[in-house]
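Shown next: my_file.txt, containing compact mmCIF, N, CA, C and O atoms.
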```txt
# COMPACT_ATOMS: atom_id res chain seq x y z
N MET A 1 -68.47 22.02 80.82
CA MET A 1 -68.48 23.43 80.51
C MET A 1 -68.01 23.63 79.06
O MET A 1 -67.10 22.94 78.59
N ILE A 2 -68.61 24.55 78.40
CA ILE A 2 -68.29 24.85 77.00
C ILE A 2 -67.12 25.81 76.97
O ILE A 2 -67.11 26.83 77.66
N THR A 3 -66.11 25.47 76.16
CA THR A 3 -64.93 26.32 76.02
C THR A 3 -65.02 27.11 74.73
O THR A 3 -65.21 26.54 73.65
N VAL A 4 -64.86 28.42 74.84
CA VAL A 4 -64.88 29.32 73.68
C VAL A 4 -63.50 29.98 73.61
O VAL A 4 -63.01 30.48 74.61
N ILE A 5 -62.89 29.92 72.43
CA ILE A 5 -61.60 30.57 72.23
C ILE A 5 -61.76 31.61 71.13
O ILE A 5 -62.26 31.31 70.05
N LEU A 6 -61.31 32.81 71.43
CA LEU A 6 -61.40 33.92 70.49
C LEU A 6 -59.99 34.42 70.22
O LEU A 6 -59.29 34.85 71.14
N TYR A 7 -59.56 34.29 68.97
CA TYR A 7 -58.23 34.75 68.55
C TYR A 7 -58.38 36.08 67.84
O TYR A 7 -59.26 36.23 66.99
N GLY A 8 -57.51 37.02 68.16
CA GLY A 8 -57.54 38.30 67.47
C GLY A 8 -57.11 39.44 68.36
O GLY A 8 -56.58 39.23 69.45
N THR A 9 -57.34 40.62 67.88
CA THR A 9 -56.97 41.84 68.60
C THR A 9 -58.22 42.45 69.22
O THR A 9 -59.18 42.74 68.50
N PRO A 10 -58.23 42.64 70.54
CA PRO A 10 -59.42 43.19 71.19
C PRO A 10 -59.86 44.55 70.66
O PRO A 10 -61.03 44.91 70.81
N ALA A 11 -58.99 45.30 70.03
CA ALA A 11 -59.37 46.60 69.48
C ALA A 11 -60.20 46.48 68.20
O ALA A 11 -60.85 47.44 67.80
N CYS A 12 -60.22 45.30 67.60
CA CYS A 12 -60.96 45.08 66.35
C CYS A 12 -62.47 45.02 66.63
O CYS A 12 -62.92 44.32 67.53
N HIS A 13 -63.25 45.75 65.83
CA HIS A 13 -64.70 45.76 66.06
C HIS A 13 -65.34 44.40 65.77
O HIS A 13 -66.32 44.02 66.39
N ARG A 14 -64.79 43.64 64.84
CA ARG A 14 -65.33 42.29 64.55
C ARG A 14 -65.05 41.34 65.72
O ARG A 14 -65.90 40.53 66.07
N TYR A 15 -63.89 41.48 66.33
CA TYR A 15 -63.53 40.71 67.52
C TYR A 15 -64.53 41.01 68.64
O TYR A 15 -65.07 40.10 69.27
N GLN A 16 -64.77 42.28 68.88
CA GLN A 16 -65.70 42.69 69.93
C GLN A 16 -67.12 42.19 69.67
O GLN A 16 -67.82 41.78 70.59
N LYS A 17 -67.54 42.21 68.40
CA LYS A 17 -68.88 41.73 68.06
C LYS A 17 -69.00 40.23 68.29
O LYS A 17 -70.00 39.75 68.83
N MET A 18 -67.96 39.47 67.91
CA MET A 18 -67.98 38.01 68.15
C MET A 18 -68.08 37.73 69.64
O MET A 18 -68.88 36.90 70.08
N LYS A 19 -67.29 38.43 70.42
CA LYS A 19 -67.30 38.24 71.88
C LYS A 19 -68.68 38.54 72.45
O LYS A 19 -69.23 37.76 73.23
N LYS A 20 -69.25 39.67 72.05
CA LYS A 20 -70.58 40.06 72.55
C LYS A 20 -71.65 39.05 72.15
O LYS A 20 -72.50 38.68 72.97
N LEU A 21 -71.61 38.58 70.91
CA LEU A 21 -72.60 37.61 70.45
C LEU A 21 -72.55 36.33 71.29
O LEU A 21 -73.58 35.81 71.71
N VAL A 22 -71.35 35.83 71.55
CA VAL A 22 -71.21 34.60 72.33
C VAL A 22 -71.66 34.81 73.77
O VAL A 22 -72.41 34.00 74.31
N LEU A 23 -71.22 35.90 74.38
CA LEU A 23 -71.61 36.15 75.77
C LEU A 23 -73.11 36.36 75.91
O LEU A 23 -73.73 35.82 76.83
N ASP A 24 -73.70 37.11 75.00
CA ASP A 24 -75.15 37.35 75.05
C ASP A 24 -75.94 36.06 74.85
O ASP A 24 -76.91 35.80 75.55
N GLU A 25 -75.51 35.26 73.89
CA GLU A 25 -76.25 34.03 73.58
C GLU A 25 -76.09 33.00 74.69
O GLU A 25 -77.04 32.31 75.04
N SER A 26 -74.92 32.89 75.27
CA SER A 26 -74.74 31.94 76.37
C SER A 26 -75.57 32.37 77.59
O SER A 26 -76.12 31.53 78.28
N ALA A 27 -75.67 33.66 77.81
CA ALA A 27 -76.50 34.16 78.91
C ALA A 27 -77.98 33.89 78.63
O ALA A 27 -78.72 33.47 79.52
N ARG A 28 -78.39 34.10 77.38
CA ARG A 28 -79.80 33.86 77.01
C ARG A 28 -80.17 32.39 77.18
O ARG A 28 -81.25 32.06 77.65
N LEU A 29 -79.24 31.50 76.80
CA LEU A 29 -79.49 30.06 76.90
C LEU A 29 -79.18 29.51 78.29
O LEU A 29 -79.40 28.34 78.56
N ASN A 30 -78.65 30.38 79.16
CA ASN A 30 -78.28 29.99 80.52
C ASN A 30 -77.27 28.84 80.51
O ASN A 30 -77.40 27.87 81.25
N LEU A 31 -76.25 28.97 79.65
CA LEU A 31 -75.20 27.98 79.54
C LEU A 31 -73.88 28.57 80.05
O LEU A 31 -73.47 29.63 79.60
N PRO A 32 -73.22 27.88 80.96
CA PRO A 32 -71.93 28.38 81.42
C PRO A 32 -70.86 28.15 80.35
O PRO A 32 -70.82 27.08 79.73
N ILE A 33 -70.04 29.15 80.13
CA ILE A 33 -68.95 29.00 79.17
C ILE A 33 -67.66 29.47 79.81
O ILE A 33 -67.67 30.25 80.77
N LYS A 34 -66.57 28.97 79.28
CA LYS A 34 -65.23 29.46 79.67
C LYS A 34 -64.67 30.11 78.43
O LYS A 34 -64.45 29.46 77.42
N MET A 35 -64.46 31.43 78.49
CA MET A 35 -63.96 32.14 77.32
C MET A 35 -62.48 32.46 77.49
O MET A 35 -62.08 33.08 78.46
N ASP A 36 -61.70 31.98 76.53
CA ASP A 36 -60.28 32.30 76.47
C ASP A 36 -60.07 33.25 75.31
O ASP A 36 -60.53 32.99 74.20
N GLU A 37 -59.38 34.34 75.58
CA GLU A 37 -59.08 35.32 74.54
C GLU A 37 -57.58 35.29 74.27
O GLU A 37 -56.78 35.48 75.18
N VAL A 38 -57.22 35.00 73.03
CA VAL A 38 -55.82 34.92 72.63
C VAL A 38 -55.51 36.14 71.78
O VAL A 38 -56.01 36.26 70.66
N SER A 39 -54.68 37.01 72.34
CA SER A 39 -54.37 38.23 71.60
C SER A 39 -52.87 38.53 71.56
O SER A 39 -52.46 39.55 71.03
N GLU A 40 -52.06 37.62 72.11
CA GLU A 40 -50.61 37.82 72.09
C GLU A 40 -50.08 37.57 70.68
O GLU A 40 -50.42 36.59 70.04
N THR A 41 -49.22 38.46 70.21
CA THR A 41 -48.67 38.37 68.87
C THR A 41 -48.00 37.02 68.63
O THR A 41 -48.17 36.43 67.56
N ALA A 42 -47.28 36.51 69.61
CA ALA A 42 -46.58 35.24 69.46
C ALA A 42 -47.54 34.10 69.13
O ALA A 42 -47.18 33.15 68.41
N GLN A 43 -48.76 34.15 69.61
CA GLN A 43 -49.74 33.10 69.34
C GLN A 43 -50.54 33.38 68.07
O GLN A 43 -51.06 32.46 67.46
N LEU A 44 -50.65 34.63 67.70
CA LEU A 44 -51.43 34.99 66.51
C LEU A 44 -50.66 34.80 65.21
O LEU A 44 -51.27 34.68 64.15
N VAL A 45 -49.33 34.74 65.26
CA VAL A 45 -48.54 34.63 64.03
C VAL A 45 -48.76 33.31 63.31
O VAL A 45 -48.43 33.18 62.13
N GLN A 46 -49.34 32.33 63.97
CA GLN A 46 -49.63 31.05 63.31
C GLN A 46 -50.78 31.19 62.29
O GLN A 46 -50.97 30.30 61.47
N PHE A 47 -51.51 32.28 62.35
CA PHE A 47 -52.63 32.52 61.44
C PHE A 47 -52.30 33.67 60.48
O PHE A 47 -51.56 34.57 60.83
N SER A 48 -52.90 33.63 59.33
CA SER A 48 -52.80 34.75 58.41
C SER A 48 -53.57 35.93 59.02
O SER A 48 -54.67 35.73 59.55
N PRO A 49 -53.01 37.13 58.94
CA PRO A 49 -53.74 38.27 59.48
C PRO A 49 -55.11 38.47 58.84
O PRO A 49 -56.02 39.03 59.44
N LEU A 50 -55.26 37.98 57.61
CA LEU A 50 -56.54 38.12 56.92
C LEU A 50 -57.59 37.14 57.42
O LEU A 50 -58.75 37.23 57.05
N SER A 51 -57.17 36.17 58.26
CA SER A 51 -58.13 35.20 58.78
C SER A 51 -58.47 35.46 60.25
O SER A 51 -58.99 34.59 60.93
N LEU A 52 -58.16 36.65 60.72
CA LEU A 52 -58.48 37.01 62.10
C LEU A 52 -59.61 38.03 62.10
O LEU A 52 -59.72 38.81 61.16
N PRO A 53 -60.43 38.06 63.10
CA PRO A 53 -60.48 37.20 64.27
C PRO A 53 -61.06 35.82 63.94
O PRO A 53 -61.71 35.63 62.92
N ARG A 54 -60.81 34.89 64.85
CA ARG A 54 -61.28 33.51 64.71
C ARG A 54 -62.03 33.13 65.99
O ARG A 54 -61.58 33.45 67.08
N LEU A 55 -63.13 32.42 65.83
CA LEU A 55 -63.94 31.99 66.97
C LEU A 55 -64.09 30.47 66.94
O LEU A 55 -64.51 29.90 65.93
N TYR A 56 -63.70 29.85 68.04
CA TYR A 56 -63.83 28.40 68.20
C TYR A 56 -64.74 28.10 69.39
O TYR A 56 -64.65 28.76 70.42
N ILE A 57 -65.61 27.12 69.22
CA ILE A 57 -66.42 26.62 70.33
C ILE A 57 -66.11 25.14 70.45
O ILE A 57 -66.34 24.37 69.51
N ASN A 58 -65.54 24.76 71.61
CA ASN A 58 -65.06 23.40 71.86
C ASN A 58 -64.25 22.85 70.69
O ASN A 58 -64.54 21.79 70.14
N ASP A 59 -63.23 23.61 70.31
CA ASP A 59 -62.26 23.23 69.27
C ASP A 59 -62.84 23.16 67.86
O ASP A 59 -62.18 22.67 66.96
N GLN A 60 -64.05 23.62 67.65
CA GLN A 60 -64.62 23.66 66.31
C GLN A 60 -64.66 25.11 65.84
O GLN A 60 -65.18 25.98 66.54
N LEU A 61 -64.10 25.34 64.66
CA LEU A 61 -64.10 26.68 64.09
C LEU A 61 -65.53 27.09 63.74
O LEU A 61 -66.21 26.40 63.00
N VAL A 62 -65.96 28.20 64.31
CA VAL A 62 -67.31 28.70 64.06
C VAL A 62 -67.28 29.86 63.08
O VAL A 62 -68.14 29.98 62.22
N ALA A 63 -66.26 30.72 63.21
CA ALA A 63 -66.20 31.89 62.34
C ALA A 63 -64.77 32.37 62.21
O ALA A 63 -63.98 32.26 63.15
N LEU A 64 -64.47 32.91 61.04
CA LEU A 64 -63.21 33.62 60.86
C LEU A 64 -63.49 34.85 60.03
O LEU A 64 -64.36 34.86 59.18
N GLN A 65 -62.79 35.89 60.34
CA GLN A 65 -62.92 37.22 59.76
C GLN A 65 -64.21 37.92 60.17
O GLN A 65 -64.18 38.91 60.85
N ASN A 66 -65.34 37.40 59.73
CA ASN A 66 -66.62 38.08 60.00
C ASN A 66 -67.39 37.37 61.11
O ASN A 66 -67.38 36.14 61.19
N PRO A 67 -68.08 38.13 61.93
CA PRO A 67 -68.87 37.53 63.00
C PRO A 67 -69.94 36.58 62.44
O PRO A 67 -70.51 36.85 61.39
N PRO A 68 -70.19 35.49 63.14
CA PRO A 68 -71.22 34.56 62.69
C PRO A 68 -72.62 35.10 62.98
O PRO A 68 -72.79 36.04 63.75
N ARG A 69 -73.61 34.47 62.38
CA ARG A 69 -75.00 34.80 62.70
C ARG A 69 -75.32 34.23 64.10
O ARG A 69 -74.72 33.24 64.53
N VAL A 70 -76.23 34.83 64.77
CA VAL A 70 -76.63 34.38 66.10
C VAL A 70 -77.10 32.92 66.05
O VAL A 70 -76.82 32.14 66.96
N GLU A 71 -77.76 32.55 64.97
CA GLU A 71 -78.26 31.18 64.83
C GLU A 71 -77.12 30.17 64.85
O GLU A 71 -77.27 29.07 65.39
N GLN A 72 -75.98 30.52 64.24
CA GLN A 72 -74.83 29.63 64.23
C GLN A 72 -74.30 29.43 65.65
O GLN A 72 -73.97 28.30 66.04
N ILE A 73 -74.20 30.50 66.39
CA ILE A 73 -73.71 30.41 67.77
C ILE A 73 -74.68 29.58 68.61
O ILE A 73 -74.26 28.71 69.37
N THR A 74 -75.96 29.84 68.46
CA THR A 74 -76.97 29.09 69.20
C THR A 74 -76.86 27.60 68.90
O THR A 74 -76.86 26.77 69.81
N LYS A 75 -76.75 27.26 67.64
CA LYS A 75 -76.64 25.86 67.23
C LYS A 75 -75.42 25.20 67.85
O LYS A 75 -75.50 24.09 68.40
N MET A 76 -74.28 25.87 67.80
CA MET A 76 -73.05 25.30 68.36
C MET A 76 -73.13 25.16 69.88
O MET A 76 -72.73 24.14 70.42
N LEU A 77 -73.64 26.16 70.56
CA LEU A 77 -73.75 26.08 72.01
C LEU A 77 -74.71 24.98 72.45
O LEU A 77 -74.44 24.23 73.37
N GLU A 78 -75.85 24.88 71.76
CA GLU A 78 -76.82 23.83 72.12
C GLU A 78 -76.28 22.45 71.79
O GLU A 78 -76.53 21.50 72.52
N GLN A 79 -75.55 22.33 70.70
CA GLN A 79 -74.97 21.05 70.31
C GLN A 79 -73.94 20.60 71.35
O GLN A 79 -73.90 19.44 71.72
N GLU A 80 -73.15 21.53 71.83
CA GLU A 80 -72.12 21.20 72.81
C GLU A 80 -72.70 20.94 74.20
O GLU A 80 -72.07 20.31 75.03
N LYS A 81 -73.91 21.41 74.43
CA LYS A 81 -74.58 21.23 75.72
C LYS A 81 -74.94 19.76 75.95
O LYS A 81 -74.94 19.28 77.07
N LEU A 82 -75.21 19.06 74.86
CA LEU A 82 -75.68 17.67 74.97
C LEU A 82 -74.66 16.73 75.52
O LEU A 82 -73.57 16.72 75.53
```

Show how you would write the structure in this file as structure tokens.
Amino acid sequence: MITVILYGTPACHRYQKMKKLVLDESARLNLPIKMDEVSETAQLVQFSPLSLPRLYINDQLVALQNPPRVEQITKMLEQEKL
């Protein structure tokens, strides 16, 4: 199973867009994912606020600050599928 970790504040529109992109693309590719959302302040203080939100797919950083392109997510999900 592919693990996706999203760090940030759920109220952030970029955070929401990253989440939607991953969920939509995993559904389109019919790939099961496990999404962990880290939004507790104690865990977020390890990052600069300017580098949030952050998106990881199987421990590989895919995007920080701005949502990635759909092609990037597709590439990472398909790569991890193998």

Problem set entry | Neighbours of point (-66.0, 29.9, 78.7) within 8 Å, using only N, CA, C and O atoms, written as a ChimeraX atom specification | /A:1-5,31-36

For this session: Would you list the contacts of segment 7-23 of chain A as a list in words, taking every protein, DNA or RNA residue within 6 Å and counting only C-alpha atoms, but skipping same-chain residues closer than 2 positions in sequence?
Result: Glu25, Ser26, Val38, Ser39, Leu52, Pro53, Arg54 and Pro67 of chain A

What does the file look like for those residues with N, CA, C and O atoms, as a CSV table (one decimal), in the frame of the given file?
```csv
chain,number,residue,atom,x,y,z
A,25,GLU,N,-75.5,35.3,73.9
A,25,GLU,CA,-76.2,34.0,73.6
A,25,GLU,C,-76.1,33.0,74.7
A,25,GLU,O,-77.0,32.3,75.0
A,26,SER,N,-74.9,32.9,75.3
A,26,SER,CA,-74.7,31.9,76.4
A,26,SER,C,-75.6,32.4,77.6
A,26,SER,O,-76.1,31.5,78.3
A,38,VAL,N,-57.2,35.0,73.0
A,38,VAL,CA,-55.8,34.9,72.6
A,38,VAL,C,-55.5,36.1,71.8
A,38,VAL,O,-56.0,36.3,70.7
A,39,SER,N,-54.7,37.0,72.3
A,39,SER,CA,-54.4,38.2,71.6
A,39,SER,C,-52.9,38.5,71.6
A,39,SER,O,-52.5,39.6,71.0
A,52,LEU,N,-58.2,36.6,60.7
A,52,LEU,CA,-58.5,37.0,62.1
A,52,LEU,C,-59.6,38.0,62.1
A,52,LEU,O,-59.7,38.8,61.2
A,53,PRO,N,-60.4,38.1,63.1
A,53,PRO,CA,-60.5,37.2,64.3
A,53,PRO,C,-61.1,35.8,63.9
A,53,PRO,O,-61.7,35.6,62.9
A,54,ARG,N,-60.8,34.9,64.8
A,54,ARG,CA,-61.3,33.5,64.7
A,54,ARG,C,-62.0,33.1,66.0
A,54,ARG,O,-61.6,33.4,67.1
A,67,PRO,N,-68.1,38.1,61.9
A,67,PRO,CA,-68.9,37.5,63.0
A,67,PRO,C,-69.9,36.6,62.4
A,67,PRO,O,-70.5,36.8,61.4
```

For this session: Could you jot down the atom C of Ala42 of chain A to atom CA of Leu77 of chain A separation for me, Å, one decimal place?
Result: 27.6 Å

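Straight-line separation from atom N of Glu71 of chain A to atom O of Thr41 of chain A: 30.0 Å.
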
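The gap separating atom O of Glu80 of chain A from atom C of Asn66 of chain A is 22.5 Å, in Å to one decimal.
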
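With all atoms listed in the file as the basis for measurement, A:Leu6 is the residue among A:Asp24, A:Leu6, A:Arg69, A:Glu40 that approaches Ile57 of chain A most closely.
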
For this session: Using DSSP on the backbone, list every residue of chain A that comes out as strand (DSSP E or B), and give them as a PyMOL selection string.
Result: chain A and resi 2-7+33-38+54-57+60-64
